[in-house]
Amino acid sequence: MLSIPICPEGMTAKESSILEEIINNEFKGEFVKASFHHHTKYSNEWLNRNATVEFVLREAFKNDIGLLVVTDKSNDQFFDELKNLSGDYVIEEDDNRVIRVTDKGSGKSLYIPRAMEFHHKKGHMLLIGYNKKISNLEGLDLFNLADEVHNQGGIVIPAHPYATFSGGVGEYNLLQMLTRIDAVEVYNSQLTGPLNRFNEKAKKFAKEKNLSRICSNDAQLPVDSIGKTYMMFPKELINTNNAQDYINSIKRILYLTKNLSFYNKIAHETPERMTDLIKWEALLMYGKALEKLKIATNK
Ligand SMILES: [Zn+2]
C-alpha cells in the first residue's frame, strides 16, 4: 500500500508500483530529463538571435535532455525547421506533432514536440503537442484556444501565471480555466530572488486545486542554458509508440506525479543562475536600445 494517497483514480499496477518505488526512494529504473520552456531565435528578440536549431540540439544533447520543449513567442517555426534538418542528426517526425532527434555521433535520442508560448492578450500559454496550425490563433479567446489545442490532442499550461507583469494570466483567468488546463507552471526559473514569490503562489494554487504542475526554464537561449531546471520522468511510463501516445503519456506522468513535491528535481537559485539573469536582462535592454536606434536611424 502507498503511504500517501497520490493519484487514486485508475492507476495501473505498473504506475502504482513505480510511484511507490519513487516515494520510497527505491526506484531503480531510468529517469528521462524533461526540460520545458525555451526561447530561440524564433522568439525574435535580439538576445536570442544566435539560438539556432543546431545550437539548441547541441546544448540539449550535452545536458542529457530526453524531452525538450521549445516554446517560442507565438510561433512554432522551430519545429518546422527541425523537421527538415539534415547533417549530424537523424530526424524522425510523427503526425506533425513529435520529432525524435538522434545524434548520429553518440546514438542518443531526444524528443521534441510541436509547441509554442502563445502570447494571448490575457496571458501567456504554453501549448504543447498539438499537430496542426491553429487557425485564427489571434482571434480565439482563452477557452477556445485551450479547446482547440485539446481537440488536437495537445497540452495547455499557463506560463508564470502569477507574474502578470510579464504576461501571466493572473488568478482570475486561472480560476476561469480550471477545467481547461492540464498543468500549471509552478516554477519558472526566471522568477528568482524576490520574484520567486510568484512561483510560490502558483505552487499553492496548484496544490489547492489539485492540478498537475511543471517547472520550467523560460530559458533565453543562448544566454541561458538548457536543463538548468528540469523534471525527471520515469522512462517506463513514457510511451514512444507514436506521437499522440507520447504526448498522452507525458500528460499522464504530470498527473500521476502532481503531489510528489520532492520528485521534481530542480536545479535553481544558484549564484550562477542569478548571474545569468542579470546578464540576459542587461542584454535584453541593450538589444532593445539597439532596435530603437535602428528604427530611429531608418526614419
Ligand atoms: Zn511568458
# chains A, B, ... in the order shown; residues from 1 in each chain; ligands from 1

call {"tool": "residues_near_ligand", "arguments": {"ligand": "ligand 1", "cutoff": "9 Å", "atoms": "only C-alpha atoms and all ligand atoms", "output": "number ranges by chain"}}
result
A: 37, 73, 117-119, 123-126, 158-161, 163, 166-168, 218

call {"tool": "residues_around", "arguments": {"residues": "Leu57 (chain A)", "least_positions_apart": "6", "cutoff": "12 Å", "atoms": "only C-alpha atoms", "output": "PyMOL selection string"}}
result
chain A and resi 38+40+51+63-70+78-79+82+85+88-91+100-103+108-112+221-222+225-226

call {"tool": "write_last_selection", "arguments": {"atoms": "N, CA and C atoms", "output": "compact mmCIF listing (two decimals), in the first residue's frame"}}
result
# COMPACT_ATOMS: atom_id res chain seq x y z
N HIS A 38 11.69 27.00 -23.59
CA HIS A 38 12.93 27.62 -24.06
C HIS A 38 12.63 28.56 -25.21
N THR A 40 14.18 30.55 -28.54
CA THR A 40 15.27 30.50 -29.51
C THR A 40 15.20 31.74 -30.42
N ALA A 51 20.51 31.66 -31.11
CA ALA A 51 20.00 30.35 -30.66
C ALA A 51 19.38 29.63 -31.85
N ASN A 63 23.45 18.29 -22.33
CA ASN A 63 22.86 18.25 -20.99
C ASN A 63 21.96 17.03 -20.76
N ASP A 64 22.07 16.07 -21.68
CA ASP A 64 21.36 14.80 -21.49
C ASP A 64 19.86 14.91 -21.39
N ILE A 65 19.28 15.81 -22.17
CA ILE A 65 17.84 16.02 -22.13
C ILE A 65 17.14 14.96 -22.98
N GLY A 66 16.05 14.41 -22.46
CA GLY A 66 15.31 13.40 -23.21
C GLY A 66 14.02 13.95 -23.81
N LEU A 67 13.48 14.97 -23.16
CA LEU A 67 12.30 15.68 -23.69
C LEU A 67 12.60 17.17 -23.64
N LEU A 68 12.58 17.78 -24.81
CA LEU A 68 12.89 19.21 -24.88
C LEU A 68 11.68 19.96 -25.42
N VAL A 69 11.18 20.91 -24.65
CA VAL A 69 10.02 21.67 -25.09
C VAL A 69 10.45 23.10 -25.43
N VAL A 70 10.49 23.38 -26.73
CA VAL A 70 10.87 24.72 -27.21
C VAL A 70 9.58 25.51 -27.41
N PHE A 78 10.35 26.71 -35.00
CA PHE A 78 11.47 25.87 -34.59
C PHE A 78 11.20 24.43 -35.03
N PHE A 79 9.99 23.97 -34.73
CA PHE A 79 9.60 22.59 -35.06
C PHE A 79 9.65 22.37 -36.57
N LEU A 82 13.18 22.18 -37.73
CA LEU A 82 13.77 20.93 -37.26
C LEU A 82 13.37 19.74 -38.14
N LEU A 85 15.72 19.32 -40.99
CA LEU A 85 17.15 19.39 -40.70
C LEU A 85 17.86 18.13 -41.19
N ASP A 88 24.10 16.22 -38.87
CA ASP A 88 24.59 15.38 -37.77
C ASP A 88 23.49 14.55 -37.10
N TYR A 89 22.23 14.76 -37.49
CA TYR A 89 21.14 14.14 -36.76
C TYR A 89 20.20 13.35 -37.66
N VAL A 90 19.61 12.30 -37.08
CA VAL A 90 18.52 11.60 -37.77
C VAL A 90 17.23 12.20 -37.23
N ILE A 91 16.39 12.68 -38.13
CA ILE A 91 15.14 13.32 -37.73
C ILE A 91 13.98 12.40 -38.08
N ARG A 100 11.56 12.81 -33.11
CA ARG A 100 12.66 12.18 -32.38
C ARG A 100 13.95 12.54 -33.10
N VAL A 101 14.87 13.11 -32.36
CA VAL A 101 16.16 13.51 -32.94
C VAL A 101 17.21 12.56 -32.40
N THR A 102 17.95 11.93 -33.30
CA THR A 102 19.04 11.05 -32.84
C THR A 102 20.37 11.64 -33.30
N ASP A 103 21.24 11.78 -32.36
CA ASP A 103 22.58 12.29 -32.65
C ASP A 103 23.39 11.14 -33.26
N LYS A 108 22.49 8.83 -29.17
CA LYS A 108 21.45 9.23 -28.20
C LYS A 108 20.28 9.91 -28.90
N SER A 109 19.09 9.75 -28.29
CA SER A 109 17.90 10.37 -28.87
C SER A 109 17.22 11.30 -27.89
N LEU A 110 16.52 12.27 -28.43
CA LEU A 110 15.64 13.09 -27.59
C LEU A 110 14.39 13.43 -28.37
N TYR A 111 13.35 13.77 -27.65
CA TYR A 111 12.05 14.04 -28.26
C TYR A 111 11.70 15.52 -28.16
N ILE A 112 11.18 16.05 -29.24
CA ILE A 112 10.78 17.47 -29.26
C ILE A 112 9.35 17.56 -29.81
N LEU A 221 17.74 31.47 -24.68
CA LEU A 221 18.94 30.91 -25.31
C LEU A 221 19.51 31.95 -26.28
N PRO A 222 20.80 32.01 -26.47
CA PRO A 222 21.84 31.16 -25.89
C PRO A 222 22.42 31.68 -24.57
N SER A 225 21.07 28.43 -20.31
CA SER A 225 21.32 27.11 -20.89
C SER A 225 20.10 26.21 -20.69
N ILE A 226 20.15 25.09 -21.37
CA ILE A 226 19.03 24.14 -21.34
C ILE A 226 19.19 23.22 -20.14

call {"tool": "closest_residue", "arguments": {"among": "A:Glu26, A:Glu148, A:Glu81, A:Glu138", "to": "Thr52 (chain A)", "atoms": "only C-alpha atoms"}}
result
A:Glu81

call {"tool": "atom_distance", "arguments": {"atom1": "CA of Glu59 (chain A)", "atom2": "CA of Met231 (chain A)"}}
result
16.8 Å

call {"tool": "closest_residue", "arguments": {"among": "A:Arg252, A:Arg49, A:Arg197, A:Lys83", "to": "Thr12 (chain A)", "atoms": "only C-alpha atoms"}}
result
A:Arg252

call {"tool": "residues_around", "arguments": {"residues": "region 185-194 of chain A", "least_positions_apart": "3", "cutoff": "9 Å", "atoms": "only C-alpha atoms", "output": "PyMOL selection string"}}
result
chain A and resi 37+126+157-161+163+197-206+212-219+228-229+266-269+273-274+277

call {"tool": "closest_residue", "arguments": {"among": "A:Gln176, A:Gly153, A:Ile99, A:Ile134", "to": "Thr240 (chain A)", "atoms": "only C-alpha atoms"}}
result
A:Ile99

call {"tool": "closest_residue", "arguments": {"among": "A:Glu236, A:Glu93, A:Asp224, A:Asp72", "to": "Ser249 (chain A)", "atoms": "only C-alpha atoms"}}
result
A:Glu236

call {"tool": "residues_around", "arguments": {"residues": "Leu19 (chain A)", "least_positions_apart": "4", "cutoff": "8 Å", "atoms": "only C-alpha atoms", "output": "PyMOL selection string"}}
result
chain A and resi 15+23+257

call {"tool": "write_last_selection", "arguments": {"atoms": "N, CA and C atoms", "output": "PDB file, in the first residue's frame"}}
result
ATOM      1  N   GLU A  15       1.982   1.643 -12.854  1.00  0.00           N
ATOM      2  CA  GLU A  15       2.135   3.028 -12.400  1.00  0.00           C
ATOM      3  C   GLU A  15       2.259   3.075 -10.880  1.00  0.00           C
ATOM      4  N   ILE A  23       8.551   7.066  -4.282  1.00  0.00           N
ATOM      5  CA  ILE A  23       8.267   7.632  -2.963  1.00  0.00           C
ATOM      6  C   ILE A  23       9.206   7.051  -1.908  1.00  0.00           C
ATOM      7  N   THR A 257       2.262  12.420 -10.955  1.00  0.00           N
ATOM      8  CA  THR A 257       3.305  12.896 -10.041  1.00  0.00           C
ATOM      9  C   THR A 257       2.962  14.245  -9.407  1.00  0.00           C
TER      10      THR A 257
END

call {"tool": "residues_around", "arguments": {"residues": "Ile253 (chain A)", "least_positions_apart": "2", "cutoff": "9 Å", "atoms": "only C-alpha atoms", "output": "list in words"}}
result
Phe233, Pro234, Leu237, Ile238, Asn248, Ser249, Ile250, Lys251, Tyr255, Leu256, Thr257 and Lys258 of chain A

call {"tool": "residues_around", "arguments": {"residues": "Arg180 (chain A)", "least_positions_apart": "3", "cutoff": "8 Å", "atoms": "only C-alpha atoms", "output": "PDB file with N, CA and C atoms, in the first residue's frame"}}
result
ATOM      1  N   PHE A 143     -10.571  30.253 -23.659  1.00  0.00           N
ATOM      2  CA  PHE A 143     -11.320  28.987 -23.628  1.00  0.00           C
ATOM      3  C   PHE A 143     -11.203  28.250 -24.957  1.00  0.00           C
ATOM      4  N   ALA A 146      -7.750  26.891 -25.641  1.00  0.00           N
ATOM      5  CA  ALA A 146      -7.487  25.645 -24.911  1.00  0.00           C
ATOM      6  C   ALA A 146      -8.251  24.481 -25.546  1.00  0.00           C
ATOM      7  N   ASP A 147      -9.503  24.728 -25.915  1.00  0.00           N
ATOM      8  CA  ASP A 147     -10.310  23.663 -26.529  1.00  0.00           C
ATOM      9  C   ASP A 147      -9.702  23.194 -27.847  1.00  0.00           C
ATOM     10  N   VAL A 156      -2.173  22.093 -22.481  1.00  0.00           N
ATOM     11  CA  VAL A 156      -2.291  23.539 -22.249  1.00  0.00           C
ATOM     12  C   VAL A 156      -1.812  23.867 -20.833  1.00  0.00           C
ATOM     13  N   MET A 177     -10.263  29.018 -15.910  1.00  0.00           N
ATOM     14  CA  MET A 177      -9.782  27.980 -16.824  1.00  0.00           C
ATOM     15  C   MET A 177      -9.509  26.632 -16.161  1.00  0.00           C
TER      16      MET A 177
END

call {"tool": "residues_around", "arguments": {"residues": "Gln77 (chain A)", "least_positions_apart": "6", "cutoff": "12 Å", "atoms": "only C-alpha atoms", "output": "PDB file with C-alpha atoms, in the first residue's frame"}}
result
ATOM      1  CA  HIS A  39      13.207  30.630 -26.327  1.00  0.00           C
ATOM      2  CA  THR A  40      15.271  30.504 -29.512  1.00  0.00           C
ATOM      3  CA  LYS A  41      15.937  32.799 -32.468  1.00  0.00           C
ATOM      4  CA  TYR A  42      12.274  32.369 -33.397  1.00  0.00           C
ATOM      5  CA  SER A  43      11.283  34.401 -30.352  1.00  0.00           C
ATOM      6  CA  ASN A  44      12.668  37.308 -32.350  1.00  0.00           C
ATOM      7  CA  THR A  52      19.790  28.358 -33.886  1.00  0.00           C
ATOM      8  CA  VAL A  53      18.259  24.909 -34.167  1.00  0.00           C
ATOM      9  CA  VAL A  70      10.866  24.715 -27.207  1.00  0.00           C
ATOM     10  CA  THR A  71       8.245  27.405 -26.782  1.00  0.00           C
ATOM     11  CA  LYS A  83      11.601  18.687 -39.436  1.00  0.00           C
ATOM     12  CA  ASN A  84      13.796  19.451 -42.434  1.00  0.00           C
ATOM     13  CA  PRO A 113       7.034  18.141 -29.508  1.00  0.00           C
ATOM     14  CA  ARG A 114       5.474  20.928 -31.549  1.00  0.00           C
ATOM     15  CA  ALA A 115       4.982  23.734 -29.056  1.00  0.00           C
ATOM     16  CA  MET A 116       4.860  27.460 -28.507  1.00  0.00           C
ATOM     17  CA  GLU A 117       4.292  30.037 -25.800  1.00  0.00           C
ATOM     18  CA  LYS A 133      -1.666  25.161 -37.428  1.00  0.00           C
TER      19      LYS A 133
END

call {"tool": "atom_distance", "arguments": {"atom1": "CA of Leu47 (chain A)", "atom2": "CA of Asp76 (chain A)"}}
result
18.3 Å

call {"tool": "closest_residue", "arguments": {"among": "A:Asn96, A:Asn210, A:Thr164, A:Gln244", "to": "Asp182 (chain A)", "atoms": "only C-alpha atoms"}}
result
A:Asn210

call {"tool": "closest_residue", "arguments": {"among": "A:His150, A:Lys14, A:Lys122, A:Lys104", "to": "Glu171 (chain A)", "atoms": "only C-alpha atoms"}}
result
A:Lys122

call {"tool": "select_by_dssp", "arguments": {"residues": "region 45-266 of chain A", "states": "strand (DSSP E or B)", "output": "PyMOL selection string"}}
result
chain A and resi 65-70+73+89-94+98-103+109-113+115-120+123-128+155-158+184-188+213-216+219-220+229+231-234+266

call {"tool": "decode", "arguments": {"residues": "region 132-254 of chain A", "atoms": "C-alpha atoms", "output": "PDB file, in the first residue's frame"}}
result
ATOM      1  CA  LYS A 132      -1.932  21.487 -36.899  1.00  0.00           C
ATOM      2  CA  LYS A 133      -1.666  25.161 -37.428  1.00  0.00           C
ATOM      3  CA  ILE A 134      -4.258  26.631 -35.108  1.00  0.00           C
ATOM      4  CA  SER A 135      -6.490  28.723 -37.289  1.00  0.00           C
ATOM      5  CA  ASN A 136      -7.460  32.182 -36.143  1.00  0.00           C
ATOM      6  CA  LEU A 137      -4.954  31.868 -33.295  1.00  0.00           C
ATOM      7  CA  GLU A 138      -5.011  35.591 -32.590  1.00  0.00           C
ATOM      8  CA  GLY A 139      -8.787  35.770 -32.579  1.00  0.00           C
ATOM      9  CA  LEU A 140      -9.512  32.954 -30.105  1.00  0.00           C
ATOM     10  CA  ASP A 141     -10.441  33.624 -26.509  1.00  0.00           C
ATOM     11  CA  LEU A 142      -8.583  31.633 -23.860  1.00  0.00           C
ATOM     12  CA  PHE A 143     -11.320  28.987 -23.628  1.00  0.00           C
ATOM     13  CA  ASN A 144     -11.481  28.369 -27.356  1.00  0.00           C
ATOM     14  CA  LEU A 145      -7.723  28.345 -27.587  1.00  0.00           C
ATOM     15  CA  ALA A 146      -7.487  25.645 -24.911  1.00  0.00           C
ATOM     16  CA  ASP A 147     -10.310  23.663 -26.529  1.00  0.00           C
ATOM     17  CA  GLU A 148      -8.642  23.826 -29.926  1.00  0.00           C
ATOM     18  CA  VAL A 149      -5.324  22.555 -28.528  1.00  0.00           C
ATOM     19  CA  HIS A 150      -7.141  19.761 -26.686  1.00  0.00           C
ATOM     20  CA  ASN A 151      -9.110  18.836 -29.805  1.00  0.00           C
ATOM     21  CA  GLN A 152      -5.744  18.408 -31.471  1.00  0.00           C
ATOM     22  CA  GLY A 153      -4.557  16.184 -28.623  1.00  0.00           C
ATOM     23  CA  GLY A 154      -2.216  18.737 -27.069  1.00  0.00           C
ATOM     24  CA  ILE A 155      -1.423  20.086 -23.624  1.00  0.00           C
ATOM     25  CA  VAL A 156      -2.291  23.539 -22.249  1.00  0.00           C
ATOM     26  CA  ILE A 157      -0.273  25.106 -19.441  1.00  0.00           C
ATOM     27  CA  PRO A 158      -0.421  28.735 -18.288  1.00  0.00           C
ATOM     28  CA  ALA A 159       3.128  30.106 -18.068  1.00  0.00           C
ATOM     29  CA  HIS A 160       4.211  32.046 -14.983  1.00  0.00           C
ATOM     30  CA  PRO A 161       0.516  32.660 -14.178  1.00  0.00           C
ATOM     31  CA  TYR A 162       1.032  34.951 -11.204  1.00  0.00           C
ATOM     32  CA  ALA A 163       3.736  37.068 -12.822  1.00  0.00           C
ATOM     33  CA  THR A 164       1.167  39.274 -14.507  1.00  0.00           C
ATOM     34  CA  PHE A 165       3.783  41.983 -15.095  1.00  0.00           C
ATOM     35  CA  SER A 166       5.453  39.635 -17.594  1.00  0.00           C
ATOM     36  CA  GLY A 167       2.337  38.194 -19.201  1.00  0.00           C
ATOM     37  CA  GLY A 168       0.951  35.799 -16.592  1.00  0.00           C
ATOM     38  CA  VAL A 169      -2.805  35.197 -16.948  1.00  0.00           C
ATOM     39  CA  GLY A 170      -3.430  36.036 -13.297  1.00  0.00           C
ATOM     40  CA  GLU A 171      -5.603  34.289 -10.737  1.00  0.00           C
ATOM     41  CA  TYR A 172      -8.944  35.341 -12.174  1.00  0.00           C
ATOM     42  CA  ASN A 173      -8.226  33.691 -15.514  1.00  0.00           C
ATOM     43  CA  LEU A 174      -6.664  30.685 -13.808  1.00  0.00           C
ATOM     44  CA  LEU A 175      -9.870  30.116 -11.894  1.00  0.00           C
ATOM     45  CA  GLN A 176     -11.932  30.528 -15.041  1.00  0.00           C
ATOM     46  CA  MET A 177      -9.782  27.980 -16.824  1.00  0.00           C
ATOM     47  CA  LEU A 178      -9.533  25.332 -14.123  1.00  0.00           C
ATOM     48  CA  THR A 179     -11.054  22.555 -16.207  1.00  0.00           C
ATOM     49  CA  ARG A 180      -9.261  23.623 -19.353  1.00  0.00           C
ATOM     50  CA  ILE A 181      -5.637  23.447 -18.265  1.00  0.00           C
ATOM     51  CA  ASP A 182      -3.534  20.329 -17.968  1.00  0.00           C
ATOM     52  CA  ALA A 183      -0.973  21.714 -15.559  1.00  0.00           C
ATOM     53  CA  VAL A 184       0.301  24.955 -14.050  1.00  0.00           C
ATOM     54  CA  GLU A 185       3.839  26.268 -14.412  1.00  0.00           C
ATOM     55  CA  VAL A 186       4.634  26.432 -10.720  1.00  0.00           C
ATOM     56  CA  TYR A 187       8.310  27.070 -11.066  1.00  0.00           C
ATOM     57  CA  ASN A 188       9.679  29.425 -13.693  1.00  0.00           C
ATOM     58  CA  SER A 189      13.405  29.749 -13.264  1.00  0.00           C
ATOM     59  CA  GLN A 190      13.461  33.387 -14.368  1.00  0.00           C
ATOM     60  CA  LEU A 191      11.470  34.264 -11.277  1.00  0.00           C
ATOM     61  CA  THR A 192      14.365  34.236  -8.858  1.00  0.00           C
ATOM     62  CA  GLY A 193      15.070  36.168  -5.684  1.00  0.00           C
ATOM     63  CA  PRO A 194      12.122  38.324  -4.641  1.00  0.00           C
ATOM     64  CA  LEU A 195      10.238  37.297  -7.786  1.00  0.00           C
ATOM     65  CA  ASN A 196      10.150  33.709  -6.564  1.00  0.00           C
ATOM     66  CA  ARG A 197       7.022  34.643  -4.628  1.00  0.00           C
ATOM     67  CA  PHE A 198       5.108  34.374  -7.919  1.00  0.00           C
ATOM     68  CA  ASN A 199       6.271  30.777  -8.189  1.00  0.00           C
ATOM     69  CA  GLU A 200       5.193  30.123  -4.611  1.00  0.00           C
ATOM     70  CA  LYS A 201       1.718  31.492  -5.358  1.00  0.00           C
ATOM     71  CA  ALA A 202       1.396  29.252  -8.409  1.00  0.00           C
ATOM     72  CA  LYS A 203       2.568  26.266  -6.386  1.00  0.00           C
ATOM     73  CA  LYS A 204      -0.007  26.979  -3.692  1.00  0.00           C
ATOM     74  CA  PHE A 205      -2.749  27.385  -6.276  1.00  0.00           C
ATOM     75  CA  ALA A 206      -1.906  24.084  -7.987  1.00  0.00           C
ATOM     76  CA  LYS A 207      -1.852  22.316  -4.657  1.00  0.00           C
ATOM     77  CA  GLU A 208      -5.185  23.759  -3.525  1.00  0.00           C
ATOM     78  CA  LYS A 209      -6.861  22.939  -6.813  1.00  0.00           C
ATOM     79  CA  ASN A 210      -5.118  19.582  -7.136  1.00  0.00           C
ATOM     80  CA  LEU A 211      -3.640  20.399 -10.535  1.00  0.00           C
ATOM     81  CA  SER A 212      -0.627  18.922 -12.278  1.00  0.00           C
ATOM     82  CA  ARG A 213       2.489  21.031 -12.299  1.00  0.00           C
ATOM     83  CA  ILE A 214       5.566  21.710 -14.320  1.00  0.00           C
ATOM     84  CA  CYS A 215       8.772  23.506 -13.512  1.00  0.00           C
ATOM     85  CA  SER A 216      10.424  25.277 -16.388  1.00  0.00           C
ATOM     86  CA  ASN A 217      13.413  27.263 -17.542  1.00  0.00           C
ATOM     87  CA  ASP A 218      11.906  30.068 -19.583  1.00  0.00           C
ATOM     88  CA  ALA A 219      15.433  29.969 -20.947  1.00  0.00           C
ATOM     89  CA  GLN A 220      16.556  32.858 -23.112  1.00  0.00           C
ATOM     90  CA  LEU A 221      18.943  30.913 -25.313  1.00  0.00           C
ATOM     91  CA  PRO A 222      21.838  31.160 -25.890  1.00  0.00           C
ATOM     92  CA  VAL A 223      22.418  33.287 -22.781  1.00  0.00           C
ATOM     93  CA  ASP A 224      20.685  30.777 -20.547  1.00  0.00           C
ATOM     94  CA  SER A 225      21.319  27.110 -20.888  1.00  0.00           C
ATOM     95  CA  ILE A 226      19.031  24.140 -21.343  1.00  0.00           C
ATOM     96  CA  GLY A 227      18.122  21.897 -18.447  1.00  0.00           C
ATOM     97  CA  LYS A 228      19.039  24.104 -15.508  1.00  0.00           C
ATOM     98  CA  THR A 229      15.562  23.375 -14.321  1.00  0.00           C
ATOM     99  CA  TYR A 230      14.251  20.024 -15.313  1.00  0.00           C
ATOM    100  CA  MET A 231      11.799  17.330 -14.366  1.00  0.00           C
ATOM    101  CA  MET A 232      12.556  13.651 -14.188  1.00  0.00           C
ATOM    102  CA  PHE A 233      10.089  11.283 -15.802  1.00  0.00           C
ATOM    103  CA  PRO A 234      10.357   7.509 -15.309  1.00  0.00           C
ATOM    104  CA  LYS A 235      11.253   6.153 -18.732  1.00  0.00           C
ATOM    105  CA  GLU A 236       8.990   3.133 -18.296  1.00  0.00           C
ATOM    106  CA  LEU A 237       5.946   5.419 -18.182  1.00  0.00           C
ATOM    107  CA  ILE A 238       6.798   7.229 -21.400  1.00  0.00           C
ATOM    108  CA  ASN A 239       5.036   5.689 -24.383  1.00  0.00           C
ATOM    109  CA  THR A 240       7.035   6.170 -27.572  1.00  0.00           C
ATOM    110  CA  ASN A 241       4.775   4.062 -29.833  1.00  0.00           C
ATOM    111  CA  ASN A 242       3.608   7.114 -31.686  1.00  0.00           C
ATOM    112  CA  ALA A 243       3.415  10.873 -31.273  1.00  0.00           C
ATOM    113  CA  GLN A 244      -0.043  11.020 -29.717  1.00  0.00           C
ATOM    114  CA  ASP A 245       0.740   8.227 -27.254  1.00  0.00           C
ATOM    115  CA  TYR A 246       3.906  10.101 -26.367  1.00  0.00           C
ATOM    116  CA  ILE A 247       2.041  13.339 -25.578  1.00  0.00           C
ATOM    117  CA  ASN A 248      -0.653  11.441 -23.679  1.00  0.00           C
ATOM    118  CA  SER A 249       1.950   9.686 -21.569  1.00  0.00           C
ATOM    119  CA  ILE A 250       3.627  12.990 -20.683  1.00  0.00           C
ATOM    120  CA  LYS A 251       0.249  14.374 -19.616  1.00  0.00           C
ATOM    121  CA  ARG A 252      -0.329  11.206 -17.617  1.00  0.00           C
ATOM    122  CA  ILE A 253       3.039  11.413 -15.856  1.00  0.00           C
ATOM    123  CA  LEU A 254       2.334  15.033 -14.894  1.00  0.00           C
TER     124      LEU A 254
END
